[in-house]
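Participant: So that we are looking at the same thing, I have put the structure below in structure tokens.
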Amino acid sequence: MMKQRTLPVRRIGLILAAILLLSVGLLFDLRQRGQVWNLFWRLTGEEDTLSQLRGMVEWAGNILRPSLNTQPNVPINHVDVPPYGINTFLQQEVEVVKRERSLQMIADAGFKMIRQQFEWADIEIGERGNFIDQRNDLNGDGAINEQDAISAWAKYDNIVDLAEQYGIQIQARLDNPPAWSRANPDSGDKAPPDDFQDFVNFAVAVAERYQGRIRYYQIWNEPNANEEWGNQPVSPEGYTNLLCRTYHALKTVDPTLVIISGPLSPTVSLTDQNLNEFIFLQRMYDAGARDCFDVMSAQGYGFYSGPTDRRMRPMTLTYARHIYIRDIMVSNGDAAKPIWISEAAWNPQPDDPSIIQNGAFGIVTEEQAARYMPLAYQRAQEEWPWLGNISYWFFKRPADYERGQAFYYFRMVEPDFTPLPIYDNMKQYITGQTPTLYAGVHQAEKWMVESSDAVLVNADGAEFGAALEAAQLQFTAHATEIFIRYRTADDVPWETKRWWSSGSLTAQTHTLNIIPDNQERWHFDSITVIDRTFRNILPLASGALIALSLLVYIILSALRERRRS
């Protein structure tokens, strides 16, 4: 009898000892940043132990929420440009030499696009149709008069000239209305004009002046929040009206222009001054926005976790929040349009209560901010084929008078051009990268595809009406299979052919060099990269788990029988 009583006690003791041993091992691994720590980091974006443990519980909650429909394997337009963009404030640099040095450093780091504000209030300053700047005493006579007048376009002409000189494309952000456009002085500096046609006319003036030089135009900034719609209730319907009128007017100037919606500020607020971006976007679609933009824009701030955070909770702000935007676009029949990230960064501000908006954007170290951003770009390329350009927020400010504000610390270089760690890390990442196609459907003209003699031509039956005519095509992809859609001549049907297979259960990195026979020039439409690693390994992993479970059951059954005997 004594023996029968002690067996359960021993068994419970062994179980508790095993649990204790596993817990100690887990904590040791997390402290030493071992394999488990790396797994938790890749799922939660958290680095300290308690945050990782909490994060894993929250990540497990993904199972209980409906999966998002992102349709990652459909053709996406306007993701041909390199993803490396950066926000600039070149219009605030008085000296031309500083504008040039900024663009030189940006180009040296490998960035290919700047998101540059073309301020309405800085161009059409005093009245409707007047593009003369008379705000400064240029001749030093102590008075501001006609002798001090200069073209308000001059500064922006210089920015466009310098961007072309350094091989950088411009995403022109159009916003910030002048005071004369509003009758109510209390409506706020950024409030829309009383007559939307005034803004449309301004946008047309910019597009006509820089026709053939600027292709990408963004209409407004964060119309759902942060007083960007002025001191008045935000209006998805009002913004959609402004967007649609501007879109159609700019397409009349040049149908090849690419129109980008204003980026929606990430927020969980439901007030009429600060409206959740998912609700705002759906109301935009309900108001007819689908036909009024070519590229959807969102923000990509990391806030309180790193770029690997996979916890999908609509009430939590993370770098991956744009996946919800993608889901809404798909549900509204907009799967072929991309998302561009207008502002992305982590904020290494000092933890100082005297700083305005202290901690509002999260607080990381300089080392973390520098380490996170390359990982953010890399994750976007590997996982989100619908993402195009991602613009870092931001290069620099003209001076340090904003050091008392949290947003100032997003800078990549100091006002005197001293690089911060984020600049050096991004330069090393971009310039040292091997451009690689990951899972998704990629247009043949994508920046990662090399061809020395390629020409983009109109092509009937192509996915977006154009194809790459070339006698040679080369690219690197990470895949289990690669398919190419092409045709050998204008009058033959399109073919989709499997061009390569890894012959392995897992994806492999492979470089393809396609040279048509007899020096012909084929039309290449798209490259489909397939990664079936998970599908291939899942049955084997499931079988191994079942076999292991069966083995454990047999062993335990044998031990039980032995005790009984």
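By order of appearance in the structure tokens: chains A, B, ..., then residues from 1 within every chain, and ligands from 1 in the order shown.
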If we count only C-alpha atoms and set the cut-off at 10 Å, which residues sit around A:Ile515, ignoring sequence neighbours fewer than 5 positions away in its own chain? Please answer as a list in words.
Facilitator: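 Neighbouring residues, sequence-local ones excluded: Ala470, Ala471, Gln472, Leu473, Gln474, Glu520, Arg521 and Trp522 of chain A.
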Participant: Generate a file of the selected residues that holds N, CA, C and O atoms, formatted as a compact mmCIF listing (two decimals), in the first residue's frame.
Facilitator:
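again-v7.txt written:
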# COMPACT_ATOMS: atom_id res chain seq x y z
N ALA A 470 12.91 42.81 -75.16
CA ALA A 470 14.33 42.65 -74.87
C ALA A 470 14.89 41.41 -75.54
O ALA A 470 14.17 40.45 -75.84
N ALA A 471 16.19 41.44 -75.80
CA ALA A 471 16.91 40.29 -76.35
C ALA A 471 17.65 39.53 -75.26
O ALA A 471 18.34 38.54 -75.55
N GLN A 472 17.52 40.00 -74.03
CA GLN A 472 18.20 39.33 -72.91
C GLN A 472 17.56 39.80 -71.61
O GLN A 472 17.17 40.96 -71.48
N LEU A 473 17.44 38.87 -70.67
CA LEU A 473 16.82 39.19 -69.39
C LEU A 473 17.58 38.41 -68.31
O LEU A 473 17.83 37.21 -68.46
N GLN A 474 17.93 39.09 -67.23
CA GLN A 474 18.65 38.42 -66.15
C GLN A 474 18.12 38.90 -64.81
O GLN A 474 17.89 40.09 -64.60
N GLU A 520 16.62 37.22 -81.24
CA GLU A 520 15.27 37.77 -81.31
C GLU A 520 15.00 38.66 -80.09
O GLU A 520 15.65 38.55 -79.05
N ARG A 521 14.00 39.52 -80.23
CA ARG A 521 13.56 40.38 -79.12
C ARG A 521 12.16 39.93 -78.72
O ARG A 521 11.20 40.16 -79.45
N TRP A 522 12.08 39.29 -77.57
CA TRP A 522 10.80 38.82 -77.07
C TRP A 522 10.12 39.89 -76.24
O TRP A 522 10.75 40.83 -75.74
Participant: Residues near stretch 265-268 of chain A, anyone? I mean within 10 Å using only C-alpha atoms, not counting same-chain ones fewer than 6 positions away, as a PyMOL selection string.
Facilitator: chain A and resi 221-226+228+274-279+297-301+314-319+321-322+343
Participant: Residues as selected, N, CA, C and O atoms, written as a short mmCIF file (atom, residue, chain, number, x, y, z; two decimals), in the first residue's frame, can you do that?
Facilitator:
data_model
loop_
_atom_site.label_atom_id
_atom_site.label_comp_id
_atom_site.auth_asym_id
_atom_site.auth_seq_id
_atom_site.Cartn_x
_atom_site.Cartn_y
_atom_site.Cartn_z
N ASN A 221 -1.61 64.99 -47.34
CA ASN A 221 -0.88 64.21 -46.34
C ASN A 221 -1.77 63.95 -45.13
O ASN A 221 -2.34 64.88 -44.56
N GLU A 222 -1.92 62.68 -44.77
CA GLU A 222 -2.66 62.26 -43.58
C GLU A 222 -3.99 63.01 -43.42
O GLU A 222 -4.21 63.68 -42.40
N PRO A 223 -4.90 62.89 -44.37
CA PRO A 223 -6.16 63.62 -44.27
C PRO A 223 -7.09 63.13 -43.16
O PRO A 223 -8.11 63.77 -42.89
N ASN A 224 -6.73 62.02 -42.50
CA ASN A 224 -7.59 61.47 -41.45
C ASN A 224 -7.19 61.89 -40.05
O ASN A 224 -7.85 61.50 -39.08
N ALA A 225 -6.08 62.67 -39.90
CA ALA A 225 -5.61 62.91 -38.53
C ALA A 225 -4.63 64.06 -38.44
O ALA A 225 -4.25 64.66 -39.44
N ASN A 226 -4.24 64.34 -37.19
CA ASN A 226 -3.13 65.25 -36.88
C ASN A 226 -3.30 66.67 -37.44
O ASN A 226 -2.33 67.30 -37.84
N GLU A 228 -4.11 67.69 -40.15
CA GLU A 228 -3.75 67.85 -41.55
C GLU A 228 -4.96 68.24 -42.40
O GLU A 228 -4.81 68.62 -43.57
N ASN A 274 -9.61 62.74 -35.49
CA ASN A 274 -8.52 61.78 -35.59
C ASN A 274 -9.15 60.41 -35.81
O ASN A 274 -9.38 59.66 -34.88
N LEU A 275 -9.44 60.08 -37.08
CA LEU A 275 -10.28 58.92 -37.39
C LEU A 275 -9.45 57.73 -37.83
O LEU A 275 -8.57 57.85 -38.69
N ASN A 276 -9.74 56.57 -37.23
CA ASN A 276 -9.08 55.32 -37.60
C ASN A 276 -8.97 55.18 -39.11
O ASN A 276 -9.95 55.37 -39.84
N GLU A 277 -7.77 54.82 -39.59
CA GLU A 277 -7.52 54.82 -41.03
C GLU A 277 -8.30 53.75 -41.78
O GLU A 277 -8.61 53.92 -42.98
N PHE A 278 -8.68 52.65 -41.11
CA PHE A 278 -9.43 51.60 -41.80
C PHE A 278 -10.86 52.09 -42.10
O PHE A 278 -11.38 51.87 -43.20
N ILE A 279 -11.46 52.74 -41.12
CA ILE A 279 -12.79 53.30 -41.33
C ILE A 279 -12.74 54.41 -42.38
O ILE A 279 -13.59 54.49 -43.28
N SER A 297 -1.41 54.87 -50.34
CA SER A 297 -0.29 55.24 -49.47
C SER A 297 -0.65 54.98 -48.01
O SER A 297 -1.79 55.18 -47.60
N ALA A 298 0.34 54.52 -47.25
CA ALA A 298 0.16 54.27 -45.82
C ALA A 298 1.44 54.69 -45.11
O ALA A 298 2.44 55.03 -45.74
N GLN A 299 1.41 54.66 -43.79
CA GLN A 299 2.60 54.95 -43.00
C GLN A 299 3.16 53.66 -42.43
O GLN A 299 2.43 52.70 -42.19
N GLY A 300 4.49 53.64 -42.17
CA GLY A 300 5.14 52.42 -41.72
C GLY A 300 5.98 52.60 -40.47
O GLY A 300 7.09 52.07 -40.40
N TYR A 301 5.48 53.34 -39.51
CA TYR A 301 6.23 53.53 -38.26
C TYR A 301 6.21 52.24 -37.42
O TYR A 301 5.21 51.54 -37.37
N PRO A 314 -5.76 44.82 -34.65
CA PRO A 314 -6.15 46.11 -35.23
C PRO A 314 -6.03 47.29 -34.27
O PRO A 314 -5.96 48.43 -34.71
N MET A 315 -5.97 47.01 -32.97
CA MET A 315 -5.86 48.10 -32.00
C MET A 315 -4.41 48.35 -31.57
O MET A 315 -4.16 49.09 -30.64
N THR A 316 -3.45 47.71 -32.25
CA THR A 316 -2.04 47.89 -31.94
C THR A 316 -1.31 48.43 -33.15
O THR A 316 -1.52 47.96 -34.27
N LEU A 317 -0.45 49.44 -32.94
CA LEU A 317 0.28 50.07 -34.03
C LEU A 317 1.63 49.38 -34.20
O LEU A 317 2.46 49.39 -33.29
N THR A 318 1.86 48.79 -35.38
CA THR A 318 3.13 48.13 -35.68
C THR A 318 3.54 48.46 -37.11
O THR A 318 2.75 49.00 -37.89
N TYR A 319 4.74 48.08 -37.46
CA TYR A 319 5.26 48.31 -38.81
C TYR A 319 4.41 47.61 -39.87
O TYR A 319 4.27 48.10 -40.99
N ARG A 321 1.22 47.19 -40.05
CA ARG A 321 -0.19 47.59 -40.01
C ARG A 321 -0.79 47.75 -41.41
O ARG A 321 -2.00 47.63 -41.59
N HIS A 322 0.04 48.03 -42.39
CA HIS A 322 -0.47 48.22 -43.75
C HIS A 322 -1.13 46.96 -44.30
O HIS A 322 -1.86 47.03 -45.30
N GLU A 343 6.12 57.19 -45.01
CA GLU A 343 7.01 57.50 -43.90
C GLU A 343 7.23 56.23 -43.09
O GLU A 343 6.27 55.60 -42.66
#
Participant: For the strand (DSSP E) assignment from backbone DSSP, which residues of stretch 239-425 of chain A qualify? Please present them as a PyMOL selection string.
Facilitator: chain A and resi 258-261+296-299+339-344+387-392
Participant: Based on the selection just made, write all heavy atoms of those residues as a compact mmCIF listing (two decimals), in the first residue's frame.
Facilitator:
# COMPACT_ATOMS: atom_id res chain seq x y z
N VAL A 258 1.58 59.16 -62.32
CA VAL A 258 1.14 58.20 -61.30
C VAL A 258 0.66 59.00 -60.09
O VAL A 258 1.44 59.75 -59.49
CB VAL A 258 2.28 57.24 -60.91
CG1 VAL A 258 1.82 56.29 -59.81
CG2 VAL A 258 2.74 56.45 -62.13
N ILE A 259 -0.61 58.83 -59.75
CA ILE A 259 -1.22 59.61 -58.67
C ILE A 259 -1.31 58.75 -57.41
O ILE A 259 -1.86 57.65 -57.42
CB ILE A 259 -2.62 60.10 -59.08
CG1 ILE A 259 -2.57 60.78 -60.45
CG2 ILE A 259 -3.16 61.05 -58.02
CD1 ILE A 259 -1.55 61.90 -60.57
N ILE A 260 -0.75 59.29 -56.33
CA ILE A 260 -0.66 58.58 -55.06
C ILE A 260 -1.62 59.22 -54.06
O ILE A 260 -1.64 60.45 -53.91
CB ILE A 260 0.78 58.64 -54.52
CG1 ILE A 260 1.76 58.16 -55.59
CG2 ILE A 260 0.91 57.83 -53.24
CD1 ILE A 260 3.20 58.52 -55.29
N SER A 261 -2.41 58.42 -53.39
CA SER A 261 -3.32 58.95 -52.38
C SER A 261 -2.53 59.50 -51.20
O SER A 261 -1.38 59.11 -50.98
CB SER A 261 -4.29 57.87 -51.91
OG SER A 261 -3.59 56.89 -51.15
N MET A 296 -2.00 53.37 -53.49
CA MET A 296 -2.46 53.64 -52.13
C MET A 296 -1.25 53.93 -51.26
O MET A 296 -0.19 53.31 -51.41
CB MET A 296 -3.24 52.45 -51.58
CG MET A 296 -3.59 52.51 -50.09
SD MET A 296 -4.54 53.98 -49.62
CE MET A 296 -6.03 53.73 -50.59
N SER A 297 -1.41 54.87 -50.34
CA SER A 297 -0.29 55.24 -49.47
C SER A 297 -0.65 54.98 -48.01
O SER A 297 -1.79 55.18 -47.60
CB SER A 297 0.06 56.71 -49.67
OG SER A 297 1.18 57.07 -48.90
N ALA A 298 0.34 54.52 -47.25
CA ALA A 298 0.16 54.27 -45.82
C ALA A 298 1.44 54.69 -45.11
O ALA A 298 2.44 55.03 -45.74
CB ALA A 298 -0.15 52.80 -45.57
N GLN A 299 1.41 54.66 -43.79
CA GLN A 299 2.60 54.95 -43.00
C GLN A 299 3.16 53.66 -42.43
O GLN A 299 2.43 52.70 -42.19
CB GLN A 299 2.28 55.93 -41.87
CG GLN A 299 1.61 57.23 -42.32
CD GLN A 299 2.52 58.14 -43.14
OE1 GLN A 299 3.21 57.69 -44.05
NE2 GLN A 299 2.51 59.43 -42.84
N ILE A 339 0.71 49.40 -52.52
CA ILE A 339 0.82 50.35 -51.42
C ILE A 339 2.24 50.88 -51.41
O ILE A 339 3.20 50.11 -51.53
CB ILE A 339 0.50 49.67 -50.06
CG1 ILE A 339 -0.94 49.16 -50.03
CG2 ILE A 339 0.74 50.64 -48.90
CD1 ILE A 339 -1.27 48.35 -48.80
N TRP A 340 2.38 52.18 -51.29
CA TRP A 340 3.68 52.78 -51.03
C TRP A 340 3.68 53.31 -49.61
O TRP A 340 2.68 53.89 -49.15
CB TRP A 340 3.96 53.93 -52.00
CG TRP A 340 4.32 53.50 -53.40
CD1 TRP A 340 4.10 52.27 -53.96
CD2 TRP A 340 4.94 54.30 -54.41
NE1 TRP A 340 4.54 52.26 -55.26
CE2 TRP A 340 5.07 53.48 -55.56
CE3 TRP A 340 5.39 55.62 -54.45
CZ2 TRP A 340 5.62 53.96 -56.75
CZ3 TRP A 340 5.95 56.09 -55.63
CH2 TRP A 340 6.07 55.26 -56.76
N ILE A 341 4.79 53.12 -48.91
CA ILE A 341 4.92 53.62 -47.55
C ILE A 341 5.55 55.02 -47.62
O ILE A 341 6.68 55.17 -48.07
CB ILE A 341 5.80 52.70 -46.69
CG1 ILE A 341 5.17 51.29 -46.62
CG2 ILE A 341 5.98 53.27 -45.29
CD1 ILE A 341 3.83 51.23 -45.95
N SER A 342 4.81 56.02 -47.17
CA SER A 342 5.27 57.42 -47.28
C SER A 342 6.26 57.79 -46.19
O SER A 342 7.13 58.64 -46.41
CB SER A 342 4.07 58.38 -47.23
OG SER A 342 3.32 58.27 -48.42
N GLU A 343 6.12 57.19 -45.01
CA GLU A 343 7.01 57.50 -43.90
C GLU A 343 7.23 56.23 -43.09
O GLU A 343 6.27 55.60 -42.66
CB GLU A 343 6.42 58.60 -43.00
CG GLU A 343 6.16 59.91 -43.71
CD GLU A 343 5.31 60.87 -42.89
OE1 GLU A 343 5.12 60.61 -41.68
OE2 GLU A 343 4.81 61.87 -43.46
N ALA A 344 8.50 55.85 -42.91
CA ALA A 344 8.82 54.66 -42.12
C ALA A 344 10.06 54.94 -41.29
O ALA A 344 11.04 55.49 -41.80
CB ALA A 344 9.06 53.47 -43.04
N LEU A 387 3.98 45.87 -51.91
CA LEU A 387 4.62 47.11 -51.47
C LEU A 387 5.60 47.61 -52.53
O LEU A 387 6.40 46.84 -53.06
CB LEU A 387 5.37 46.90 -50.16
CG LEU A 387 4.62 47.06 -48.85
CD1 LEU A 387 5.60 47.14 -47.69
CD2 LEU A 387 3.71 48.26 -48.84
N GLY A 388 5.54 48.92 -52.81
CA GLY A 388 6.48 49.53 -53.72
C GLY A 388 7.51 50.35 -52.96
O GLY A 388 8.24 49.84 -52.11
N ASN A 389 7.54 51.64 -53.21
CA ASN A 389 8.53 52.51 -52.57
C ASN A 389 8.25 52.68 -51.08
O ASN A 389 7.10 52.77 -50.65
CB ASN A 389 8.51 53.88 -53.27
CG ASN A 389 9.63 54.78 -52.79
OD1 ASN A 389 9.43 55.64 -51.94
ND2 ASN A 389 10.81 54.57 -53.34
N ILE A 390 9.31 52.71 -50.29
CA ILE A 390 9.23 52.96 -48.84
C ILE A 390 10.13 54.15 -48.55
O ILE A 390 11.35 54.07 -48.74
CB ILE A 390 9.68 51.73 -48.04
CG1 ILE A 390 8.82 50.52 -48.38
CG2 ILE A 390 9.62 52.02 -46.54
CD1 ILE A 390 9.31 49.22 -47.74
N SER A 391 9.56 55.24 -48.08
CA SER A 391 10.33 56.47 -47.85
C SER A 391 10.68 56.63 -46.37
O SER A 391 9.78 56.77 -45.53
CB SER A 391 9.55 57.71 -48.33
OG SER A 391 9.44 57.70 -49.74
N TYR A 392 11.96 56.60 -46.08
CA TYR A 392 12.40 56.80 -44.69
C TYR A 392 12.03 58.21 -44.23
O TYR A 392 12.11 59.18 -44.98
CB TYR A 392 13.92 56.61 -44.58
CG TYR A 392 14.40 56.79 -43.17
CD1 TYR A 392 14.27 55.77 -42.25
CD2 TYR A 392 14.95 58.00 -42.76
CE1 TYR A 392 14.68 55.94 -40.94
CE2 TYR A 392 15.37 58.18 -41.44
CZ TYR A 392 15.23 57.15 -40.54
OH TYR A 392 15.62 57.34 -39.24
Participant: Give the answer as one residue: which of A:Ala558, A:Ser305, A:Ala109, A:Ile168 has the shortest atom-to-atom distance to A:Gln52, using only C-alpha atoms?
Facilitator: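 Counting only C-alpha atoms, the residue closest to A:Gln52 is A:Ser305.
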Participant: According to DSSP computed on the backbone, where in stretch 189-381 of chain A is there alpha helix (DSSP H)? Give the residues as a PyMOL selection string.
Facilitator: chain A and resi 196-209+236-253+277-286+322-331+366-381
Participant: Taking 2 positions as the minimum chain separation for residues in the same chain, which residues sit within 12 Å of stretch 253-255 of chain A when counting only C-alpha atoms? Answer as a list in words.
Facilitator: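 Residues near the query, excluding close chain neighbours: Val200, Asn201, Ala203, Val204, Ala205, Val206, Ala207, Glu208, Arg209, Tyr210, Gln211, Gly212, Arg213, Ile214, Arg215, Tyr216, Tyr217, Thr246, Tyr247, His248, Ala249, Leu250, Lys251, Leu257, Val258, Ile259 and Asp294 of chain A.
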Participant: Where does stretch 381-435 of chain A meet stretch 439-462 of chain A within 10 Å, residue by residue, with the nearest atom pair and distance in Å to one decimal for each, counting only C-alpha atoms, listed by chain and rising number, as a Markdown table?
Facilitator:
| residue | atom | partner | partner_atom | distance |
| --- | --- | --- | --- | --- |
| A:Gln381 | CA | A:Ala439 | CA | 9.0 |
| A:Glu382 | CA | A:Ala439 | CA | 7.1 |
| A:Glu383 | CA | A:Ala439 | CA | 7.4 |
| A:Trp384 | CA | A:Gly440 | CA | 8.2 |
| A:Pro385 | CA | A:Gly440 | CA | 5.6 |
| A:Trp386 | CA | A:Gly440 | CA | 8.5 |
| A:Thr434 | CA | A:Met448 | CA | 8.9 |
| A:Pro435 | CA | A:Met448 | CA | 5.4 |
Participant: Restricted to C-alpha atoms, what would the selected residues look like written as a PDB file, in the first residue's frame?
Facilitator:
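Once written, selection.pdb looks like this:
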ATOM      1  CA  GLN A 381      10.838  42.582 -50.161  1.00  0.00           C
ATOM      2  CA  GLU A 382      10.554  39.028 -48.843  1.00  0.00           C
ATOM      3  CA  GLU A 383       6.935  39.039 -47.667  1.00  0.00           C
ATOM      4  CA  TRP A 384       4.883  41.823 -49.250  1.00  0.00           C
ATOM      5  CA  PRO A 385       4.932  41.879 -53.080  1.00  0.00           C
ATOM      6  CA  TRP A 386       2.251  44.587 -53.075  1.00  0.00           C
ATOM      7  CA  THR A 434      21.995  41.581 -54.275  1.00  0.00           C
ATOM      8  CA  PRO A 435      18.569  42.494 -55.730  1.00  0.00           C
TER       9      PRO A 435
END
Participant: For each of A:Ser67, A:Asn73, A:Gln218, A:Asn87, take the minimum atom-to-atom distance to A:Ile530, counting only C-alpha atoms, then give the residue where this is smallest.
Facilitator: A:Asn73
Participant: What's around stretch 175-181 of chain A at 6 Å? Count only C-alpha atoms, leave out sequence neighbours fewer than 4 positions away in its own chain, and write the answer as a PyMOL selection string.
Facilitator: chain A and resi 119-121+190+193+220
Participant: Let me make sure I understand: among A:Ala320, A:Ala149, A:Leu53, A:Ala163, which one has the smallest atom-to-atom distance to A:Trp41 if we use only C-alpha atoms?
Facilitator: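 Counting only C-alpha atoms, the residue closest to A:Trp41 is A:Leu53.
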Participant: Looking at A:Ala489, A:Met373, A:Leu548, A:Val413, which one is nearest to A:Trp346, with distances taken over only C-alpha atoms?
Facilitator: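 Checking each of A:Ala489, A:Met373, A:Leu548, A:Val413 against A:Trp346, counting only C-alpha atoms, the winner is A:Met373.
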Participant: Counting only C-alpha atoms, what is within 8 Å of A:Pro192, bar same-chain residues fewer than 4 positions away, as number ranges by chain?
Facilitator: A: 177, 182, 196, 229-230
Participant: For A:Arg532, list every protein, DNA or RNA residue within 12 Å, evaluated using only C-alpha atoms, and leave out those in the same chain fewer than 3 positions away; present the list as an NGL selection string.
Facilitator: :A and (438-440 or 478-482 or 501-508 or 529 or 535-538)
Participant: To one decimal place in Å, what is the distance between atom CA of A:Ser235 and atom CA of A:Asn332?
Facilitator: 19.5 Å
